[in-house]
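S.K.: If you scroll down you'll find the structure; I have some questions about it.
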Amino acid sequence: MKKIIAVFCLFVLMLSSLHAQQGSRSVPVPTKSQLVWQGMEYYLFVHFGPNTFTDKEWGAGNEPEDAFNPGNLNCDQWCKTAKAAGAAGIIITAKHHDGFCLWPSKFSTHTVRESKWQNGKGDVLRDLSAACKANGIKFGVYLSPWDRNHPQYGTAGYNEVYAGMMKEIFQHYGPIWELWWDGANGEGPNGKKQVYDWPLFKKTVRNLSPNTVIFSDLGPDIRWVGNENGIAGTTNWNTLNTEGFTPGAGAPPQDTLNRGNINGTNWIPAECDVSIRKGWFYHSEEDITVKTPEQLFDLYLKSVGRGANLLLNVPADRKGWIHSNDSIALIGFKKLRDQSFSHNLIDKEMIQTKSRTNKTSDLKTSVSSIVIWTEPVTINCIVLKEKIADGQLIENADITLSNRGIAIKTLHVTTVGHQRIITFPSTSITELSVVINKSKAKPKLSAIEAYAIPENLIEK
Ligand code: FUL
């Protein structure tokens, strides 16, 4: 009986998330869409809507539709900026908490259609999805479930409204690579909160667009990183336990979202959302708060460098453009990445790897890799990558830097995942060793790279 229950439990586990057998363990692995998503690493968020014109962060939902009136909307400029900045896509706030729809939804009377902008014929989603296609970047949508305008919010009917809006978006503007469900759940115009029908929402998306990755506090595909500062945990598991939790107030604690669960049952990697400015929406007085390229690079180390993805918000201004302060910072950020990571000082053939397996348990496999240079090299950055298609296995590793046989320093890292970037003050070495001390099964490093990045870019 026990065996039958165990097999049944395993079956249920397999249904909720993809798993692979690694040695004696079954570990969660990413879906194809999650793997593609992980490879995108960094992309832009654009907050745009009535708040852009009323100078608010959270509109009340009673703003007149005419408030939304971009002078010269130019989604092509957004996409060209994203492309030049090396960002893989754009996620637009199709509807924020104020309920205003940037497309003429038939499920609402609070949309671009009711505004005087382009005589009610304007459609930001139409323009942006076309511009993304033309520029070869991906198009994603943020659709706030919380709606401070919709008369049905707070009733069961609103769940159908929200599902209907998603259908419209997928049918008219797809393909959509990522859909963002904000967990915020406040009161609507009738003073009631909504009980969200998450299973209905998920079913709707999966039926219409099975390759779209869905973000919320806890997935199903991508999780929130637990803060809005763009910072993942130095230990960052792509696995999470979701049983008993819901997005929003019912989500796991923020530090759990930040680090994941070592033995989490589902593959749900973290995404770091952060704004290039103080707020999410454009406010001219925040033009001076735009982060510098160096600050953006530091965020990159703390997000992409810790195995998460970076969703960097760059709001559109009242004209409907990305402001030059922001685009200049983005291009500067791109230059710093190019400058830092264009010359890997390790050729693949230089890496010698040995693995030792303790016969009694495959959990005790230790793998060490050694790189030797004939002449000293000066480095201050090491990049490790794990073959996550087979699961995330590495629990901790030591990197030792030596010069002519004398160890100079040992850097201790925990998880690796898609990519771990470790920076340290410049050190002259002839030898580097990576010893994986602990992993769930035989680990697979897909890359060991070494760089000399500008010294002022070392992680703060
Ligand atoms: C939050 C929202 O309340 C903010 O306004 C912003 O959109 C941020 C990305 O998500 O939950």
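Here's how to read the names in the structure tokens: chain A, B, ... by the order shown, residue numbers from 1 in each chain, ligand numbers from 1 in the order shown.
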Around ligand 1, which protein and nucleic acid residues have at least one atom no more than 9 Å from it, if we count only C-alpha atoms and all ligand atoms? List them as a list in words.
M.R.: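 Listed by chain and ascending number, the contacts are Phe45, His47, Glu57, Trp58, Thr93, His96, His97, Tyr142, Ser144, Asp182, Gly183, Ala184, Glu228, Gly248, Asp273, Val274, Ser275, Gly279, Trp280, Phe281 and Asn313 of chain A.
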S.K.: Name the residues in contact with A:Gln34 at a cut-off of 7 Å, using only C-alpha atoms, excluding same-chain residues fewer than 3 positions from it; report them as a ChimeraX atom specification.
M.R.: /A:30-31,37-38,213,221
S.K.: Which polymer residues have any atom within 10 Å of an atom of A:Asn149, counting only C-alpha atoms, with same-chain residues fewer than 6 positions away left out, as JSON, numbers by chain?
M.R.: {"A": [59, 60, 61, 62, 63, 97, 98, 99, 100, 108, 109, 110, 187, 188, 189, 190]}
S.K.: Write out as a ChimeraX atom specification the residues lying within 10 Å of A:Lys334, counting only C-alpha atoms and excluding same-chain residues fewer than 2 positions away.
M.R.: /A:84-87,293,296-297,328-332,336-340
S.K.: Atom CA of A:Leu218 to atom CA of A:Asn241: how many Å, to one decimal?
M.R.: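 Atom CA of A:Asn241 lies 8.9 Å from atom CA of A:Leu218.
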S.K.: According to DSSP computed on the backbone, where in stretch 129-247 of chain A is there helix (DSSP H, G or I)? Give the residues as a PyMOL selection string.
M.R.: chain A and resi 129-135+156-173+198-208
S.K.: Using the chain letters and numbers from this document, which residues of stretch 287-356 of chain A does DSSP assign to strand (DSSP E or B), as JSON, numbers by chain?
M.R.: {"A": [306, 309, 310, 311, 312, 313, 316, 322, 351, 352, 353, 354, 355, 356]}
S.K.: Give one line per residue of stretch 248-286 of chain A that approaches stretch 416-420 of chain A to at most 12 Å, naming the two atoms of the closest pair and their distance in Å to one decimal, counting only C-alpha atoms; sort by chain then ascending residue number and deliver it as a Markdown table.
M.R.:
| residue | atom | partner | partner_atom | distance |
| --- | --- | --- | --- | --- |
| A:Arg259 | CA | A:Gly417 | CA | 11.9 |
| A:Gly260 | CA | A:Gly417 | CA | 11.8 |
| A:Ile262 | CA | A:Gly417 | CA | 11.9 |
| A:Trp267 | CA | A:Gly417 | CA | 11.8 |
| A:Pro269 | CA | A:Gly417 | CA | 9.5 |
| A:Ala270 | CA | A:Gly417 | CA | 11.1 |
S.K.: Dump all heavy atoms for the selected residues as a CSV table (one decimal), in the first residue's frame?
M.R.:
chain,number,residue,atom,x,y,z
A,259,ARG,N,15.1,33.4,-2.6
A,259,ARG,CA,16.1,32.3,-2.7
A,259,ARG,C,15.6,31.0,-3.2
A,259,ARG,O,16.4,30.1,-3.6
A,259,ARG,CB,16.6,32.0,-1.2
A,259,ARG,CG,17.5,33.1,-0.8
A,259,ARG,CD,18.1,32.8,0.6
A,259,ARG,NE,17.6,33.7,1.6
A,259,ARG,CZ,17.2,33.5,2.8
A,259,ARG,NH1,17.1,32.2,3.2
A,259,ARG,NH2,16.8,34.4,3.5
A,260,GLY,N,14.2,30.8,-3.3
A,260,GLY,CA,13.7,29.6,-3.8
A,260,GLY,C,13.8,28.5,-2.7
A,260,GLY,O,14.3,28.8,-1.6
A,262,ILE,N,15.4,24.8,-1.8
A,262,ILE,CA,16.4,23.8,-2.3
A,262,ILE,C,15.7,22.5,-2.8
A,262,ILE,O,16.1,22.0,-3.9
A,262,ILE,CB,17.4,23.5,-1.2
A,262,ILE,CG1,18.4,22.5,-1.7
A,262,ILE,CG2,16.8,23.0,0.1
A,262,ILE,CD1,19.7,22.3,-0.8
A,267,TRP,N,9.6,23.8,-10.9
A,267,TRP,CA,10.6,24.6,-11.5
A,267,TRP,C,10.0,26.0,-11.8
A,267,TRP,O,9.2,26.2,-12.7
A,267,TRP,CB,11.1,24.0,-12.8
A,267,TRP,CG,12.3,24.8,-13.4
A,267,TRP,CD1,12.2,25.8,-14.2
A,267,TRP,CD2,13.7,24.6,-13.2
A,267,TRP,NE1,13.4,26.3,-14.6
A,267,TRP,CE2,14.3,25.5,-14.0
A,267,TRP,CE3,14.4,23.6,-12.5
A,267,TRP,CZ2,15.7,25.6,-14.0
A,267,TRP,CZ3,15.8,23.7,-12.5
A,267,TRP,CH2,16.4,24.7,-13.3
A,269,PRO,N,11.7,29.7,-11.8
A,269,PRO,CA,12.8,30.6,-11.6
A,269,PRO,C,12.4,32.0,-11.4
A,269,PRO,O,11.3,32.4,-11.6
A,269,PRO,CB,13.6,30.5,-13.0
A,269,PRO,CG,12.6,30.1,-14.0
A,269,PRO,CD,11.6,29.2,-13.2
A,270,ALA,N,13.3,32.8,-10.8
A,270,ALA,CA,13.0,34.2,-10.4
A,270,ALA,C,13.3,35.2,-11.4
A,270,ALA,O,14.2,35.1,-12.2
A,270,ALA,CB,13.8,34.5,-9.1
